[in-house]
Structures are given as C-alpha cells and as structure tokens.
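**Q** Quick one: this structure, given as structure tokens, is what I'll be asking you about.
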Amino acid sequence: MKTYRIAAIPGDGIGTEVVAAGVEVLEALAARCGSFSFAFDHFDWGGEYYKKHGVMMPDDGRERIRHHDAILFGSAGHPDIPDHITLWGLRLAICQPFDQYANVRPTRVLPGITSPLRAVSGKELDWVIVRENSEGEYAGVGGRVHRGLPLEAATDVSILTRGGVERIMRFAFRLAQSRPRKLLTVVTKSNAQRHAMVLWDEVAAGIAREFPDVTWDKMLVDAMTMRMVLRPESIDTVVATNLHADILSDLAAALAGSLGIAPTANLNPEREFPSMFEPIHGSAFDIMGKGIANPVGTFWSAVMLLEHLGEGAAAARLMRAIERVTAEPRWHTPDLGGKATTAEVTRATIEAIAAAND
C-alpha cells in the first residue's frame, strides 16, 4: 500500500480548524479506498510561532518539508502582525523557493449553492483561473529610502521574465487543451503597462502557435471583471499575472457563492519540489474559535491534492461527497446563509464518503 507523506501547516486563524477538518476527511477517504494511506506531519508555524520566536517558521523549515509528497496549508495572517510579515514569512517563503509557479484556482457553482450570476446566464460557471505565482508585483523587488522624511519613497517593481511567462503560458494552454471547450483567455494590461505586459502579450501569441486546437483571446483586466459578471458563459480557462489573477480569483469565488468553498493548488509542475494546496480564504480571525468556518474550500483543495498525487478515483469520490453535502442546505455554514458548523459539515462529508457505492 502506498503511503503519502503530507506536511500539514494550519497557519493562522481558521486555518487551524479547516486543516484539521481536511486531515480528518482525507484519513476517512484513505480508509474507504483501502489502496493508499496518509502520514501527516504537523507544523505549528504561523503568527503564534512568530510571537514566540520572531520568525514565521524556523530557518530549516523548508528543508523539513522538502521531501513530503504534498503540503496542506491553511492560511497566513494575524491581527497582531503586519500582513507583509505573515505572507512573506510563511506562504511566499514556501511557494517561491519551491518554485510553485502555477497557481490553479477552479471555479464552479456547487450543487445547492446560489450564485449571484444565476439570473445573468443559464449556464453554471465552470472556470479555471491560472495565476502566475512567482513573478509580477509579488517578485519582492523594491525597497524604501529616506524613511520618515517628507521625500520618503517606496517602490515595488513588477518583474516578468520571458522564461517565467513562457512556462505559465504553456501550462495554461495545455490546461485549456485538456478541457472540453479548449478555450483560453489571456488577461493583460498592456495598454497602460507598456513594457512587461507587452512582453506578456508577445509570449502568449508565440505560445499559442504551439496549440492550434485551442481558441484564445486577450482581454484587459478591468474589462475582464465586467465580462466575468455580465458574460460568464463566455469564459473557460483564464491565465493572468500574479496580481491580476489574485484579484480575479477572489471575484470568481464570490460569484460562485463564497470564498469559503474556493480551492487552490500551488503547483511545481516539474515535481522537483512538493506542491501546496490551500483554501483561498484568509485567516478570518473574526470567526476563529466559533466552529463555523466553512471547510469545503479545504476539502476541494484536498481533491486537487489527490489529483496531483495520481489518485484520480479517490479525488472523484471526494468531489462527489462534497457535492452531495453542499446540495443539502442543512449543511451550509453561515457564509452560505446556513447554520451548520465546521464539525457538522466534516461529519456529513465523511458519511457521504462512507455511503458511496462507487
């Protein structure tokens, strides 16, 4: 029997609650399938760790998770610590050195959940947003000078490299090619950002020639927000820069019903490093400890984790269980307008896994 080693990093806030739920569901799924198992290693890195040690994770943290099969992550963000410290000290400190350059965020309206767009289009949303996950505005290039003086200046430099753009474009075109509609939208802002985004456009056009069976178009990011709301049926696969996709994917999650249901895969497609899977919601300290955090985003992220590990049948079984649960309004947490608790949704998902005849 294959045993997968998973690094579980809950992080901050409700991350501790939803990752615990994700571990519980994955263990139940493995027991139901019987062909594989999980060995979870738990790491208490995050805001509370920072308050004790002055860092979000230890210096040898990455080496301690370097050889795991995958990482299950919760959230980064603490009200007592500046956001740039929590993000760069933990999540980005894992994503960038592990070269998890492809951030994949599927968007679909799950059964039983009402989308704000149901009145706009007769078709349900079925999108995948591919986010370049290592460059752009999040490259970490910049600085501050003359601190505290009237002429203080701060810069964040958006960096796009030809190699970085080529690999994310090729990844996005391959993903679009694998989907039934074979349709890709390349998001840009090259009308105003006349250097890096023009390179982005040029590379996209070049890579497109490698995929003649993929229909693609280009759209400015501001116009893309309108298209997502007014013409959602015209969208299938989307590729955008780090910042643009970060914003668009949150909009997509809201249009699907809630940030609480949205998953993310931070992939190192070449598998030289472990990939990381997480719900896209934040640490949500306002509901921490109340037991009402929606674990569906973590469960769906676990589906993506299973797909990455090659356990396609188990991933499909878990996705069907999630859909059976969301179809029942009694299992909706408050973010979906219901009254269910994290524990109740978790238990219902495990029962759906156990009851499956497939």
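Chains: A, B, ... in order of the structure tokens. Residues: from 1 per chain. Ligands: from 1, in order shown.
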Tell me, as a short mmCIF file (atom, residue, chain, number, x, y, z; two decimals) with C-alpha atoms, in the first residue's frame, which residues lie within 9 Å of A:Thr155, counting only C-alpha atoms; anything in the same chain fewer than 4 positions away does not count.
**A**
data_model
loop_
_atom_site.label_atom_id
_atom_site.label_comp_id
_atom_site.auth_asym_id
_atom_site.auth_seq_id
_atom_site.Cartn_x
_atom_site.Cartn_y
_atom_site.Cartn_z
CA VAL A 141 11.88 43.53 -5.83
CA GLY A 142 11.83 47.07 -4.44
CA GLY A 143 12.57 49.00 -1.30
CA ARG A 144 12.18 52.18 0.75
#
**Q** Just the strand (DSSP E or B) stuff from stretch 66-211 of chain A, please, per backbone DSSP, written as a ChimeraX atom specification.
**A** /A:70-75,78,81,102-108,126-132,136-145,153-159,183-188
**Q** Taking only C-alpha atoms into account, name the residue in A:Lys2, A:Lys52, A:Arg170, A:Lys290 that is nearest to A:Phe38.
**A**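 Among the listed residues, the smallest separation from A:Phe38 belongs to A:Lys2.
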**Q** From a DSSP calculation on the backbone, collect every residue of stretch 167-285 of chain A in helix (DSSP H, G or I) and output the set as a PyMOL selection string.
**A** chain A and resi 167-178+196-208+221-230+232-234+242-255+259-261
**Q** Which residues are near stretch 55-57 of chain A? Cut-off 6 Å, only C-alpha atoms, ignore same chain within fewer than 6 positions. Put them as a list in words.
**A**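 Counting only C-alpha atoms, the residues come to Trp45, Gly46, Tyr49, Gly89 and Leu90 of chain A.
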**Q** As an exercise, work out the distance from atom CA of A:Ala314 to atom CA of A:Leu29 in Å and give it to one decimal place.
**A**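 Taking atom CA of A:Ala314 as the start and atom CA of A:Leu29 as the end point, the length is 7.3 Å.
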**Q** What are the closest atom pairs, with distances in Å to one decimal, for all residues of stretch 301-340 of chain A lying within 12 Å of stretch 100-115 of chain A? Consider only C-alpha atoms, order rows by chain and residue number, and present the result as JSON lines.
**A**
{"residue": "A:Ser301", "atom": "CA", "partner": "A:Arg105", "partner_atom": "CA", "distance": 9.3}
{"residue": "A:Val303", "atom": "CA", "partner": "A:Pro106", "partner_atom": "CA", "distance": 11.3}
{"residue": "A:Met304", "atom": "CA", "partner": "A:Val104", "partner_atom": "CA", "distance": 9.4}
{"residue": "A:Leu305", "atom": "CA", "partner": "A:Val104", "partner_atom": "CA", "distance": 11.6}
{"residue": "A:His308", "atom": "CA", "partner": "A:Val104", "partner_atom": "CA", "distance": 11.7}
{"residue": "A:Met319", "atom": "CA", "partner": "A:Leu110", "partner_atom": "CA", "distance": 10.0}
{"residue": "A:Arg320", "atom": "CA", "partner": "A:Pro111", "partner_atom": "CA", "distance": 10.2}
{"residue": "A:Ala321", "atom": "CA", "partner": "A:Pro111", "partner_atom": "CA", "distance": 11.1}
{"residue": "A:Ile322", "atom": "CA", "partner": "A:Leu110", "partner_atom": "CA", "distance": 8.5}
{"residue": "A:Glu323", "atom": "CA", "partner": "A:Pro111", "partner_atom": "CA", "distance": 5.8}
{"residue": "A:Arg324", "atom": "CA", "partner": "A:Pro111", "partner_atom": "CA", "distance": 7.5}
{"residue": "A:Val325", "atom": "CA", "partner": "A:Pro111", "partner_atom": "CA", "distance": 8.5}
{"residue": "A:Thr326", "atom": "CA", "partner": "A:Gly112", "partner_atom": "CA", "distance": 5.5}
{"residue": "A:Ala327", "atom": "CA", "partner": "A:Gly112", "partner_atom": "CA", "distance": 3.9}
{"residue": "A:Glu328", "atom": "CA", "partner": "A:Gly112", "partner_atom": "CA", "distance": 6.2}
{"residue": "A:Pro329", "atom": "CA", "partner": "A:Gly112", "partner_atom": "CA", "distance": 6.5}
{"residue": "A:Arg330", "atom": "CA", "partner": "A:Gly112", "partner_atom": "CA", "distance": 10.1}
{"residue": "A:Trp331", "atom": "CA", "partner": "A:Gly112", "partner_atom": "CA", "distance": 9.8}
{"residue": "A:His332", "atom": "CA", "partner": "A:Ile113", "partner_atom": "CA", "distance": 8.6}
{"residue": "A:Thr333", "atom": "CA", "partner": "A:Ile113", "partner_atom": "CA", "distance": 11.1}
{"residue": "A:Asp335", "atom": "CA", "partner": "A:Ile113", "partner_atom": "CA", "distance": 10.8}
{"residue": "A:Leu336", "atom": "CA", "partner": "A:Ile113", "partner_atom": "CA", "distance": 7.3}
{"residue": "A:Gly337", "atom": "CA", "partner": "A:Ile113", "partner_atom": "CA", "distance": 9.5}
{"residue": "A:Gly338", "atom": "CA", "partner": "A:Ile113", "partner_atom": "CA", "distance": 10.6}
**Q** Residues of the last selection are to be written out with C-alpha atoms, as a PDB file, in the first residue's frame.
**A**
ATOM      1  CA  SER A 301      -8.175  21.639  -2.211  1.00  0.00           C
ATOM      2  CA  VAL A 303      -9.373  16.885  -4.207  1.00  0.00           C
ATOM      3  CA  MET A 304      -6.690  18.760  -6.133  1.00  0.00           C
ATOM      4  CA  LEU A 305      -4.023  17.280  -3.856  1.00  0.00           C
ATOM      5  CA  HIS A 308      -1.719  15.735  -8.145  1.00  0.00           C
ATOM      6  CA  MET A 319     -15.639  15.576  -5.026  1.00  0.00           C
ATOM      7  CA  ARG A 320     -18.893  13.654  -5.287  1.00  0.00           C
ATOM      8  CA  ALA A 321     -19.116  13.557  -1.496  1.00  0.00           C
ATOM      9  CA  ILE A 322     -18.585  17.327  -1.330  1.00  0.00           C
ATOM     10  CA  GLU A 323     -21.326  17.878  -3.896  1.00  0.00           C
ATOM     11  CA  ARG A 324     -23.745  15.633  -2.007  1.00  0.00           C
ATOM     12  CA  VAL A 325     -23.120  17.666   1.132  1.00  0.00           C
ATOM     13  CA  THR A 326     -23.419  21.116  -0.431  1.00  0.00           C
ATOM     14  CA  ALA A 327     -26.647  20.028  -2.121  1.00  0.00           C
ATOM     15  CA  GLU A 328     -28.221  19.870   1.341  1.00  0.00           C
ATOM     16  CA  PRO A 329     -28.920  23.377   2.735  1.00  0.00           C
ATOM     17  CA  ARG A 330     -28.772  21.984   6.278  1.00  0.00           C
ATOM     18  CA  TRP A 331     -25.035  21.543   5.795  1.00  0.00           C
ATOM     19  CA  HIS A 332     -24.427  25.148   4.732  1.00  0.00           C
ATOM     20  CA  THR A 333     -22.227  27.210   7.044  1.00  0.00           C
ATOM     21  CA  ASP A 335     -21.056  32.192   4.801  1.00  0.00           C
ATOM     22  CA  LEU A 336     -23.560  30.341   2.614  1.00  0.00           C
ATOM     23  CA  GLY A 337     -26.544  31.564   4.598  1.00  0.00           C
ATOM     24  CA  GLY A 338     -26.878  28.447   6.745  1.00  0.00           C
TER      25      GLY A 338
END
**Q** Which of these residues is nearest to A:Ala293, using only C-alpha atoms: A:Asp217, A:Glu17, A:Glu63, A:Asp126?
**A**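 Smallest separation from A:Ala293 among the options: A:Glu17.
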**Q** List the spatial neighbours of A:Asn268 as a ChimeraX atom specification - criterion: any atom at most 8 Å away, only C-alpha atoms, same-chain residues fewer than 3 positions off excluded.
**A** /A:98-102,271-275
**Q** Using only C-alpha atoms, what does the table of stretch 47-160 of chain A residues within 10 Å of stretch 193-212 of chain A look like, with each row giving the shortest atom pair and its distance in Å to one decimal, sorted by chain and ascending number, as a tab-separated table?
**A**
residue	atom	partner	partner_atom	distance
A:Gly136	CA	A:Ala196	CA	8.7
A:Ser158	CA	A:Ala196	CA	7.8
A:Ile159	CA	A:Ala196	CA	7.2
A:Leu160	CA	A:Ala196	CA	5.8
**Q** Restricting the calculation to only C-alpha atoms: of A:Thr185, A:His84, A:Ala253, A:Lys51, which residue gets closest to A:Met224?
**A** A:Thr185
**Q** Neighbouring residues of A:Asp41 were defined as those with any atom within 8 Å, considering only C-alpha atoms; residues of the same chain fewer than 4 positions away were excluded. Please report them as a list in words.
**A**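 The filter keeps Arg5, Ile6, Ala7 and Ala8 of chain A.
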**Q** May I ask which of the residues A:Asp80, A:Glu48, A:Glu135, A:Glu270 is the closest one to A:Leu92, counting only C-alpha atoms?
**A**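 Nearest to A:Leu92: A:Glu135.
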**Q** Pick out the residues sitting within 12 Å of A:Ala313, and hand them over as a list of chain:residue names; count only C-alpha atoms, and ignore anything fewer than 2 positions along from it in its own chain.
**A**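 Residues near the query, excluding close chain neighbours: A:Leu29, A:Ala30, A:Arg32, A:Cys33, A:Gly34, A:Ser35, A:Phe36, A:Val303, A:Met304, A:Leu306, A:Glu307, A:His308, A:Leu309, A:Gly310, A:Glu311, A:Ala315, A:Ala316, A:Arg317, A:Leu318, A:Met319, A:Arg320, A:Asp358.
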**Q** Can I get the selected residues back with C-alpha atoms, as a PDB file, in the first residue's frame?
**A**
ATOM      1  CA  LEU A  29     -11.201   8.680   2.407  1.00  0.00           C
ATOM      2  CA  ALA A  30      -7.992   6.649   2.535  1.00  0.00           C
ATOM      3  CA  ARG A  32     -12.639   3.898   2.463  1.00  0.00           C
ATOM      4  CA  CYS A  33     -10.461   3.406  -0.618  1.00  0.00           C
ATOM      5  CA  GLY A  34      -8.042   0.967   1.015  1.00  0.00           C
ATOM      6  CA  SER A  35      -5.342   1.323  -1.644  1.00  0.00           C
ATOM      7  CA  PHE A  36      -3.297   4.094  -0.048  1.00  0.00           C
ATOM      8  CA  VAL A 303      -9.373  16.885  -4.207  1.00  0.00           C
ATOM      9  CA  MET A 304      -6.690  18.760  -6.133  1.00  0.00           C
ATOM     10  CA  LEU A 306      -5.274  13.782  -4.663  1.00  0.00           C
ATOM     11  CA  GLU A 307      -5.318  14.526  -8.383  1.00  0.00           C
ATOM     12  CA  HIS A 308      -1.719  15.735  -8.145  1.00  0.00           C
ATOM     13  CA  LEU A 309      -0.729  12.505  -6.394  1.00  0.00           C
ATOM     14  CA  GLY A 310      -2.305  10.466  -9.176  1.00  0.00           C
ATOM     15  CA  GLU A 311      -5.223   9.234  -7.077  1.00  0.00           C
ATOM     16  CA  ALA A 315     -10.313  12.572  -5.906  1.00  0.00           C
ATOM     17  CA  ALA A 316     -13.529  11.977  -7.850  1.00  0.00           C
ATOM     18  CA  ARG A 317     -15.064  10.154  -4.890  1.00  0.00           C
ATOM     19  CA  LEU A 318     -14.264  13.031  -2.541  1.00  0.00           C
ATOM     20  CA  MET A 319     -15.639  15.576  -5.026  1.00  0.00           C
ATOM     21  CA  ARG A 320     -18.893  13.654  -5.287  1.00  0.00           C
ATOM     22  CA  ASP A 358     -18.925   3.791  -6.345  1.00  0.00           C
TER      23      ASP A 358
END
**Q** What is the distance, in Å and to one decimal place, between atom CA of A:Ala76 and atom CA of A:Ser283?
**A**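 Between atom CA of A:Ala76 and atom CA of A:Ser283 the gap is 6.2 Å.
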**Q** Do a neighbour search on stretch 247-252 of chain A at 9 Å with only C-alpha atoms, toss out local chain neighbours closer than 5 positions, and write the hits as a ChimeraX atom specification.
**A** /A:105-108,127,129,131,221,224-225,228,240,242,257,259,262,280-281
**Q** Produce a file of the selected residues containing N, CA and C atoms, as a JSON list (two decimals), in the first residue's frame.
**A**
[["chain", "number", "residue", "atom", "x", "y", "z"],
["A", 105, "ARG", "N", -6.81, 27.77, -9.80],
["A", 105, "ARG", "CA", -8.00, 28.01, -8.99],
["A", 105, "ARG", "C", -9.26, 27.73, -9.79],
["A", 106, "PRO", "N", -9.84, 26.53, -9.61],
["A", 106, "PRO", "CA", -11.10, 26.23, -10.30],
["A", 106, "PRO", "C", -12.27, 26.98, -9.67],
["A", 107, "THR", "N", -13.24, 27.31, -10.48],
["A", 107, "THR", "CA", -14.45, 27.98, -10.02],
["A", 107, "THR", "C", -15.65, 27.26, -10.62],
["A", 108, "ARG", "N", -16.52, 26.79, -9.74],
["A", 108, "ARG", "CA", -17.74, 26.12, -10.19],
["A", 108, "ARG", "C", -18.80, 26.32, -9.13],
["A", 127, "TRP", "N", -15.06, 27.54, -14.58],
["A", 127, "TRP", "CA", -13.83, 28.23, -14.95],
["A", 127, "TRP", "C", -12.63, 27.59, -14.25],
["A", 129, "ILE", "N", -8.90, 29.43, -13.27],
["A", 129, "ILE", "CA", -8.00, 30.58, -13.37],
["A", 129, "ILE", "C", -6.59, 30.12, -13.05],
["A", 131, "ARG", "N", -2.92, 31.35, -12.31],
["A", 131, "ARG", "CA", -2.21, 32.53, -11.80],
["A", 131, "ARG", "C", -0.71, 32.30, -11.84],
["A", 221, "VAL", "N", -7.56, 43.60, -18.00],
["A", 221, "VAL", "CA", -8.03, 43.09, -16.72],
["A", 221, "VAL", "C", -9.27, 43.81, -16.22],
["A", 224, "MET", "N", -12.10, 42.48, -18.02],
["A", 224, "MET", "CA", -12.34, 41.09, -17.62],
["A", 224, "MET", "C", -13.28, 41.01, -16.42],
["A", 225, "THR", "N", -13.18, 41.95, -15.50],
["A", 225, "THR", "CA", -14.09, 41.92, -14.34],
["A", 225, "THR", "C", -15.54, 42.06, -14.81],
["A", 228, "MET", "N", -16.68, 38.76, -16.49],
["A", 228, "MET", "CA", -16.97, 37.71, -15.52],
["A", 228, "MET", "C", -18.38, 37.84, -14.96],
["A", 240, "ALA", "N", -3.50, 34.76, -16.00],
["A", 240, "ALA", "CA", -3.23, 36.15, -15.65],
["A", 240, "ALA", "C", -2.00, 36.22, -14.77],
["A", 242, "ASN", "N", 0.37, 37.46, -11.51],
["A", 242, "ASN", "CA", 0.24, 37.20, -10.08],
["A", 242, "ASN", "C", -0.80, 38.11, -9.42],
["A", 257, "GLY", "N", -20.41, 31.84, -5.01],
["A", 257, "GLY", "CA", -21.21, 31.72, -3.80],
["A", 257, "GLY", "C", -20.52, 32.08, -2.52],
["A", 259, "LEU", "N", -16.19, 32.73, -0.67],
["A", 259, "LEU", "CA", -14.75, 32.44, -0.60],
["A", 259, "LEU", "C", -14.49, 31.14, 0.14],
["A", 262, "ALA", "N", -13.76, 27.95, -2.10],
["A", 262, "ALA", "CA", -12.81, 28.02, -3.22],
["A", 262, "ALA", "C", -11.47, 27.37, -2.87],
["A", 280, "ILE", "N", -8.66, 29.38, -0.52],
["A", 280, "ILE", "CA", -8.21, 30.74, -0.81],
["A", 280, "ILE", "C", -8.64, 31.75, 0.25],
["A", 281, "HIS", "N", -9.54, 31.34, 1.15],
["A", 281, "HIS", "CA", -9.98, 32.31, 2.16],
["A", 281, "HIS", "C", -8.83, 32.67, 3.10]]
**Q** As an exercise, work out the distance from atom CA of A:Pro269 to atom CA of A:Ile14 in Å and give it to one decimal place.
**A** 28.5 Å
**Q** Pick the closest to A:Gly11 from A:His53, A:Arg62, A:His68, A:Arg91: which is it, counting only C-alpha atoms?
**A**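 Once distances to A:Gly11 are computed over only C-alpha atoms, the minimum belongs to A:Arg91.
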